file model_16.cif (mmCIF, C-alpha atoms)
data_start
#
loop_
_atom_site.group_PDB
_atom_site.id
_atom_site.type_symbol
_atom_site.label_atom_id
_atom_site.label_comp_id
_atom_site.auth_asym_id
_atom_site.auth_seq_id
_atom_site.Cartn_x
_atom_site.Cartn_y
_atom_site.Cartn_z
ATOM 1 C CA MET A 1 -13.709 13.169 -16.512
ATOM 2 C CA GLY A 2 -14.218 11.956 -13.015
ATOM 3 C CA GLY A 3 -14.851 13.466 -9.625
ATOM 4 C CA LEU A 4 -14.779 17.218 -9.561
ATOM 5 C CA ALA A 5 -12.845 17.646 -12.818
ATOM 6 C CA ALA A 6 -15.838 18.885 -14.829
ATOM 7 C CA GLU A 7 -16.721 21.363 -12.097
ATOM 8 C CA MET A 8 -13.159 22.695 -11.893
ATOM 9 C CA ILE A 9 -12.790 22.973 -15.664
ATOM 10 C CA GLY A 10 -16.137 24.775 -15.861
ATOM 11 C CA TYR A 11 -15.057 27.197 -13.145
ATOM 12 C CA HIS A 12 -11.803 27.980 -14.948
ATOM 13 C CA ARG A 13 -13.649 28.495 -18.219
ATOM 14 C CA ALA A 14 -16.106 30.883 -16.597
ATOM 15 C CA GLN A 15 -13.553 32.729 -14.433
ATOM 16 C CA GLY A 16 -10.382 32.100 -16.413
ATOM 17 C CA ASP A 17 -9.607 35.735 -17.110
ATOM 18 C CA HIS A 18 -9.375 36.505 -13.384
ATOM 19 C CA ILE A 19 -5.823 37.740 -12.762
ATOM 20 C CA ILE A 20 -5.040 35.157 -10.073
ATOM 21 C CA LEU A 21 -6.301 32.159 -12.074
ATOM 22 C CA ALA A 22 -4.638 33.364 -15.266
ATOM 23 C CA GLY A 23 -1.363 34.042 -13.441
ATOM 24 C CA THR A 24 -1.412 30.673 -11.699
ATOM 25 C CA ARG A 25 -1.957 28.845 -14.983
ATOM 26 C CA ALA A 26 0.852 30.796 -16.639
ATOM 27 C CA ILE A 27 3.312 30.122 -13.810
ATOM 28 C CA THR A 28 2.421 26.425 -13.691
ATOM 29 C CA THR A 29 2.746 26.027 -17.454
ATOM 30 C CA VAL A 30 6.099 27.819 -17.704
ATOM 31 C CA ARG A 31 7.497 26.044 -14.638
ATOM 32 C CA SER A 32 6.542 22.633 -15.996
ATOM 33 C CA ARG A 33 7.779 23.358 -19.523
ATOM 34 C CA TYR A 34 11.127 24.650 -18.238
ATOM 35 C CA THR A 35 11.623 21.569 -16.060
ATOM 36 C CA GLU A 36 10.520 19.042 -18.658
ATOM 37 C CA ALA A 37 12.826 20.549 -21.290
ATOM 38 C CA ARG A 38 15.803 19.692 -19.078
ATOM 39 C CA ILE A 39 14.867 16.170 -17.959
ATOM 40 C CA ALA A 40 16.142 14.330 -21.048
ATOM 41 C CA ARG A 41 19.666 15.622 -20.408
ATOM 42 C CA HIS A 42 19.836 13.536 -17.252
ATOM 43 C CA GLY A 43 17.937 10.322 -17.932
ATOM 44 C CA GLN A 44 16.596 10.248 -14.366
ATOM 45 C CA TYR A 45 13.921 12.473 -12.906
ATOM 46 C CA ALA A 46 12.896 12.419 -9.254
ATOM 47 C CA VAL A 47 9.506 14.061 -8.703
ATOM 48 C CA LEU A 48 9.248 14.969 -5.028
ATOM 49 C CA GLY A 49 5.635 15.059 -3.883
ATOM 50 C CA ALA A 50 4.478 13.616 -7.211
ATOM 51 C CA GLY A 51 0.786 13.415 -6.328
ATOM 52 C CA LEU A 52 -1.085 13.025 -9.607
ATOM 53 C CA ASP A 53 1.873 14.116 -11.752
ATOM 54 C CA THR A 54 1.626 12.740 -15.295
ATOM 55 C CA TYR A 55 5.089 13.385 -16.708
ATOM 56 C CA GLY A 56 6.069 9.710 -16.554
ATOM 57 C CA TYR A 57 3.130 8.787 -18.773
ATOM 58 C CA ARG A 58 4.321 11.019 -21.620
ATOM 59 C CA ALA A 59 8.082 10.849 -20.987
ATOM 60 C CA ASP A 60 10.541 9.337 -23.402
ATOM 61 C CA PRO A 61 10.820 5.639 -22.445
ATOM 62 C CA GLY A 62 14.560 6.147 -21.930
ATOM 63 C CA VAL A 63 13.954 8.489 -18.994
ATOM 64 C CA ARG A 64 13.428 6.823 -15.609
ATOM 65 C CA VAL A 65 10.865 8.754 -13.611
ATOM 66 C CA PHE A 66 10.833 8.261 -9.853
ATOM 67 C CA GLU A 67 7.602 9.512 -8.309
ATOM 68 C CA ILE A 68 8.243 10.141 -4.625
ATOM 69 C CA ASP A 69 5.245 10.752 -2.391
ATOM 70 C CA HIS A 70 3.496 9.734 0.792
ATOM 71 C CA PRO A 71 2.469 6.055 0.742
ATOM 72 C CA ALA A 72 -1.229 6.904 1.148
ATOM 73 C CA THR A 73 -1.104 9.333 -1.770
ATOM 74 C CA GLN A 74 0.542 6.713 -3.948
ATOM 75 C CA GLU A 75 -2.083 4.118 -3.044
ATOM 76 C CA TRP A 76 -4.769 6.656 -3.981
ATOM 77 C CA LYS A 77 -3.045 7.273 -7.325
ATOM 78 C CA ARG A 78 -2.666 3.542 -7.986
ATOM 79 C CA GLY A 79 -6.394 3.102 -7.328
ATOM 80 C CA LEU A 80 -7.313 5.894 -9.731
ATOM 81 C CA LEU A 81 -5.030 4.481 -12.417
ATOM 82 C CA ALA A 82 -6.422 0.975 -11.963
ATOM 83 C CA ALA A 83 -10.001 2.243 -12.112
ATOM 84 C CA ALA A 84 -9.183 4.054 -15.369
ATOM 85 C CA GLY A 85 -7.396 1.014 -16.812
ATOM 86 C CA ILE A 86 -4.066 2.878 -17.029
ATOM 87 C CA PRO A 87 -0.970 0.797 -16.258
ATOM 88 C CA VAL A 88 2.083 2.345 -14.620
ATOM 89 C CA PRO A 89 4.697 2.581 -17.414
ATOM 90 C CA GLU A 90 7.864 0.490 -17.060
ATOM 91 C CA ASN A 91 10.007 3.620 -16.820
ATOM 92 C CA VAL A 92 8.004 4.953 -13.838
ATOM 93 C CA VAL A 93 8.860 3.897 -10.291
ATOM 94 C CA LEU A 94 6.550 4.858 -7.422
ATOM 95 C CA VAL A 95 8.708 5.439 -4.346
ATOM 96 C CA PRO A 96 6.729 5.686 -1.096
ATOM 97 C CA VAL A 97 8.261 8.284 1.253
ATOM 98 C CA ASP A 98 6.935 10.112 4.274
ATOM 99 C CA PHE A 99 8.992 13.310 4.026
ATOM 100 C CA GLU A 100 8.495 13.979 7.732
ATOM 101 C CA THR A 101 10.083 10.685 8.895
ATOM 102 C CA ASP A 102 11.824 8.850 6.028
ATOM 103 C CA ASP A 103 15.136 9.460 4.277
ATOM 104 C CA PRO A 104 14.148 10.158 0.645
ATOM 105 C CA VAL A 105 17.645 9.351 -0.673
ATOM 106 C CA GLU A 106 17.611 5.914 0.950
ATOM 107 C CA ARG A 107 14.149 5.213 -0.430
ATOM 108 C CA LEU A 108 15.149 6.407 -3.901
ATOM 109 C CA ALA A 109 18.221 4.152 -3.941
ATOM 110 C CA ALA A 110 16.080 1.206 -2.805
ATOM 111 C CA GLY A 111 13.731 1.974 -5.721
ATOM 112 C CA GLY A 112 16.534 1.704 -8.279
ATOM 113 C CA PHE A 113 17.602 5.346 -8.533
ATOM 114 C CA ASP A 114 21.256 5.457 -9.581
ATOM 115 C CA LEU A 115 22.969 7.809 -7.134
ATOM 116 C CA GLY A 116 26.092 7.807 -9.323
ATOM 117 C CA ARG A 117 24.301 9.218 -12.386
ATOM 118 C CA SER A 118 23.169 12.695 -13.224
ATOM 119 C CA ALA A 119 19.533 13.420 -12.384
ATOM 120 C CA LEU A 120 17.028 16.202 -12.188
ATOM 121 C CA ALA A 121 14.860 16.541 -9.100
ATOM 122 C CA GLY A 122 11.658 18.523 -9.106
ATOM 123 C CA ARG A 123 9.673 19.701 -6.135
ATOM 124 C CA LEU A 124 7.190 21.767 -8.056
ATOM 125 C CA GLY A 125 4.494 21.619 -5.403
ATOM 126 C CA VAL A 126 5.595 19.636 -2.365
ATOM 127 C CA GLY A 127 7.071 22.496 -0.340
ATOM 128 C CA TYR A 128 3.631 23.844 0.494
ATOM 129 C CA HIS A 129 2.713 20.642 2.297
ATOM 130 C CA LEU A 130 5.728 20.131 4.558
ATOM 131 C CA ALA A 131 6.160 21.267 8.127
ATOM 132 C CA ARG A 132 9.124 23.534 8.745
#

call {"tool": "encode", "arguments": {"input": "model_16.cif", "output": "structure tokens"}}
result
Amino acid sequence: MGGLAAEMIGYHRAQGDHIILAGTRAITTVRSRYTEARIARHGQYAVLGAGLDTYGYRADPGVRVFEIDHPATQEWKRGLLAAAGIPVPENVVLVPVDFETDDPVERLAAGGFDLGRSALAGRLGVGYHLAR
């Protein structure tokens, strides 16, 4: 574990029965499970505001995962992956997008996203970070 991970895990272990922490974990788990159960039906998954999302690293190799996020966030993620010796899987495409100024659809298409195929898009956490 690196950075603050041990501290955060310790905090959750000590305070995990607190109603807010327990509820947040339950919502996050159910939300992710529901989404991931539907991805295989489409073959393409666009993760808006991917951050440190890990779905692409455990996804079926036949599913193309497009991780869309701010360029600086993606550089940070690439650095963490490189430092840990974890390669970006072939089915994962990092698509740099500034949601405030760029057209995400244009950037997705430029990254190889097939606009003519069925896809699932997830924005499981990005909405909190965008200006109105």

call {"tool": "resolve_selection", "arguments": {"input": "model_16.cif", "expression": "the PyMOL selection byres ((chain A and resi 49) around 6)", "output": "MDAnalysis selection string"}}
result
chainID A and resid 48 50:51 68:69 126

call {"tool": "closest_residue", "arguments": {"input": "model_16.cif", "among": "A:Phe66, A:Asp53, A:Asp98, A:Pro87", "to": "Gly111 (chain A)", "atoms": "only C-alpha atoms"}}
result
A:Phe66

call {"tool": "closest_residue", "arguments": {"input": "model_16.cif", "among": "A:Gly23, A:Ala83, A:Asn91, A:Lys77", "to": "Val65 (chain A)", "atoms": "all atoms listed in the file"}}
result
A:Asn91

call {"tool": "atom_distance", "arguments": {"input": "model_16.cif", "atom1": "CA of Gln15 (chain A)", "atom2": "CA of Arg123 (chain A)"}}
result
27.9 Å

call {"tool": "atom_distance", "arguments": {"input": "model_16.cif", "atom1": "CA of Arg78 (chain A)", "atom2": "CA of Thr54 (chain A)"}}
result
12.5 Å

call {"tool": "residues_around", "arguments": {"input": "model_16.cif", "residues": "Glu36 (chain A)", "least_positions_apart": "3", "cutoff": "12 Å", "atoms": "only C-alpha atoms", "output": "number ranges by chain"}}
result
A: 29-33, 39-47, 54-56, 58-60, 63, 65, 120-122, 124

call {"tool": "resolve_selection", "arguments": {"input": "model_16.cif", "expression": "the PyMOL selection byres ((chain A and resi 110) around 12)", "output": "list in words"}}
result
Phe66, Val93, Leu94, Val95, Pro96, Val97, Asp103, Pro104, Val105, Glu106, Arg107, Leu108, Ala109, Gly111, Gly112, Phe113, Asp114 and Leu115 of chain A

call {"tool": "atom_distance", "arguments": {"input": "model_16.cif", "atom1": "CA of His12 (chain A)", "atom2": "CA of Thr24 (chain A)"}}
result
11.2 Å

call {"tool": "closest_residue", "arguments": {"input": "model_16.cif", "among": "A:Glu100, A:Glu75, A:Glu90, A:Asp17", "to": "Gly62 (chain A)", "atoms": "all atoms listed in the file"}}
result
A:Glu90

call {"tool": "axis_aligned_box", "arguments": {"input": "model_16.cif", "around": "region 109-120 of chain A", "padding_each_side": "5 Å", "output": "lines of an AutoDock Vina configuration file"}}
result
center_x = 19.9
center_y = 8.7
center_z = -8.0
size_x = 22.4
size_y = 25.0
size_z = 20.4

call {"tool": "build_atoms", "arguments": {"input": "model_16.cif", "residues": "region 43-67 of chain A", "atoms": "N, CA and C atoms", "output": "PDB file, keeping the file's coordinate frame"}}
result
ATOM      1  N   GLY A  43      18.357  11.720 -17.868  1.00  0.00           N
ATOM      2  CA  GLY A  43      17.937  10.322 -17.932  1.00  0.00           C
ATOM      3  C   GLY A  43      17.227   9.811 -16.692  1.00  0.00           C
ATOM      4  N   GLN A  44      17.299  10.578 -15.605  1.00  0.00           N
ATOM      5  CA  GLN A  44      16.596  10.248 -14.366  1.00  0.00           C
ATOM      6  C   GLN A  44      15.896  11.507 -13.877  1.00  0.00           C
ATOM      7  N   TYR A  45      14.673  11.337 -13.426  1.00  0.00           N
ATOM      8  CA  TYR A  45      13.921  12.473 -12.906  1.00  0.00           C
ATOM      9  C   TYR A  45      13.224  12.036 -11.624  1.00  0.00           C
ATOM     10  N   ALA A  46      13.529  12.695 -10.534  1.00  0.00           N
ATOM     11  CA  ALA A  46      12.896  12.419  -9.254  1.00  0.00           C
ATOM     12  C   ALA A  46      11.859  13.501  -8.998  1.00  0.00           C
ATOM     13  N   VAL A  47      10.605  13.114  -8.930  1.00  0.00           N
ATOM     14  CA  VAL A  47       9.506  14.061  -8.703  1.00  0.00           C
ATOM     15  C   VAL A  47       9.128  13.971  -7.226  1.00  0.00           C
ATOM     16  N   LEU A  48       9.539  14.957  -6.455  1.00  0.00           N
ATOM     17  CA  LEU A  48       9.248  14.969  -5.028  1.00  0.00           C
ATOM     18  C   LEU A  48       7.821  15.464  -4.814  1.00  0.00           C
ATOM     19  N   GLY A  49       7.038  14.702  -4.075  1.00  0.00           N
ATOM     20  CA  GLY A  49       5.635  15.059  -3.883  1.00  0.00           C
ATOM     21  C   GLY A  49       4.871  14.932  -5.181  1.00  0.00           C
ATOM     22  N   ALA A  50       5.013  13.803  -5.863  1.00  0.00           N
ATOM     23  CA  ALA A  50       4.478  13.616  -7.211  1.00  0.00           C
ATOM     24  C   ALA A  50       2.963  13.751  -7.302  1.00  0.00           C
ATOM     25  N   GLY A  51       2.245  13.318  -6.271  1.00  0.00           N
ATOM     26  CA  GLY A  51       0.786  13.415  -6.328  1.00  0.00           C
ATOM     27  C   GLY A  51       0.240  12.769  -7.587  1.00  0.00           C
ATOM     28  N   LEU A  52      -0.503  13.530  -8.361  1.00  0.00           N
ATOM     29  CA  LEU A  52      -1.085  13.025  -9.607  1.00  0.00           C
ATOM     30  C   LEU A  52      -0.286  13.463 -10.829  1.00  0.00           C
ATOM     31  N   ASP A  53       1.002  13.715 -10.642  1.00  0.00           N
ATOM     32  CA  ASP A  53       1.873  14.116 -11.752  1.00  0.00           C
ATOM     33  C   ASP A  53       1.761  13.109 -12.893  1.00  0.00           C
ATOM     34  N   THR A  54       1.792  13.600 -14.119  1.00  0.00           N
ATOM     35  CA  THR A  54       1.626  12.740 -15.295  1.00  0.00           C
ATOM     36  C   THR A  54       2.847  12.694 -16.199  1.00  0.00           C
ATOM     37  N   TYR A  55       3.937  13.337 -15.807  1.00  0.00           N
ATOM     38  CA  TYR A  55       5.089  13.385 -16.708  1.00  0.00           C
ATOM     39  C   TYR A  55       5.532  11.988 -17.143  1.00  0.00           C
ATOM     40  N   GLY A  56       5.599  11.054 -16.238  1.00  0.00           N
ATOM     41  CA  GLY A  56       6.069   9.710 -16.554  1.00  0.00           C
ATOM     42  C   GLY A  56       5.246   9.005 -17.616  1.00  0.00           C
ATOM     43  N   TYR A  57       4.021   9.429 -17.812  1.00  0.00           N
ATOM     44  CA  TYR A  57       3.130   8.787 -18.773  1.00  0.00           C
ATOM     45  C   TYR A  57       3.314   9.348 -20.183  1.00  0.00           C
ATOM     46  N   ARG A  58       4.038  10.447 -20.301  1.00  0.00           N
ATOM     47  CA  ARG A  58       4.321  11.019 -21.620  1.00  0.00           C
ATOM     48  C   ARG A  58       5.822  11.169 -21.861  1.00  0.00           C
ATOM     49  N   ALA A  59       6.632  10.728 -20.892  1.00  0.00           N
ATOM     50  CA  ALA A  59       8.082  10.849 -20.987  1.00  0.00           C
ATOM     51  C   ALA A  59       8.644   9.892 -22.028  1.00  0.00           C
ATOM     52  N   ASP A  60       9.799  10.245 -22.537  1.00  0.00           N
ATOM     53  CA  ASP A  60      10.541   9.337 -23.402  1.00  0.00           C
ATOM     54  C   ASP A  60      10.812   8.070 -22.600  1.00  0.00           C
ATOM     55  N   PRO A  61      10.608   6.894 -23.192  1.00  0.00           N
ATOM     56  CA  PRO A  61      10.820   5.639 -22.445  1.00  0.00           C
ATOM     57  C   PRO A  61      12.232   5.482 -21.892  1.00  0.00           C
ATOM     58  N   GLY A  62      13.194   6.228 -22.425  1.00  0.00           N
ATOM     59  CA  GLY A  62      14.560   6.147 -21.930  1.00  0.00           C
ATOM     60  C   GLY A  62      14.803   6.935 -20.655  1.00  0.00           C
ATOM     61  N   VAL A  63      13.827   7.709 -20.225  1.00  0.00           N
ATOM     62  CA  VAL A  63      13.954   8.489 -18.994  1.00  0.00           C
ATOM     63  C   VAL A  63      13.270   7.732 -17.863  1.00  0.00           C
ATOM     64  N   ARG A  64      14.020   7.459 -16.793  1.00  0.00           N
ATOM     65  CA  ARG A  64      13.428   6.823 -15.609  1.00  0.00           C
ATOM     66  C   ARG A  64      12.830   7.927 -14.751  1.00  0.00           C
ATOM     67  N   VAL A  65      11.578   7.770 -14.412  1.00  0.00           N
ATOM     68  CA  VAL A  65      10.865   8.754 -13.611  1.00  0.00           C
ATOM     69  C   VAL A  65      10.549   8.126 -12.256  1.00  0.00           C
ATOM     70  N   PHE A  66      11.056   8.736 -11.208  1.00  0.00           N
ATOM     71  CA  PHE A  66      10.833   8.261  -9.853  1.00  0.00           C
ATOM     72  C   PHE A  66       9.840   9.204  -9.181  1.00  0.00           C
ATOM     73  N   GLU A  67       8.640   8.717  -8.950  1.00  0.00           N
ATOM     74  CA  GLU A  67       7.602   9.512  -8.309  1.00  0.00           C
ATOM     75  C   GLU A  67       7.653   9.259  -6.808  1.00  0.00           C
TER      76      GLU A  67
END
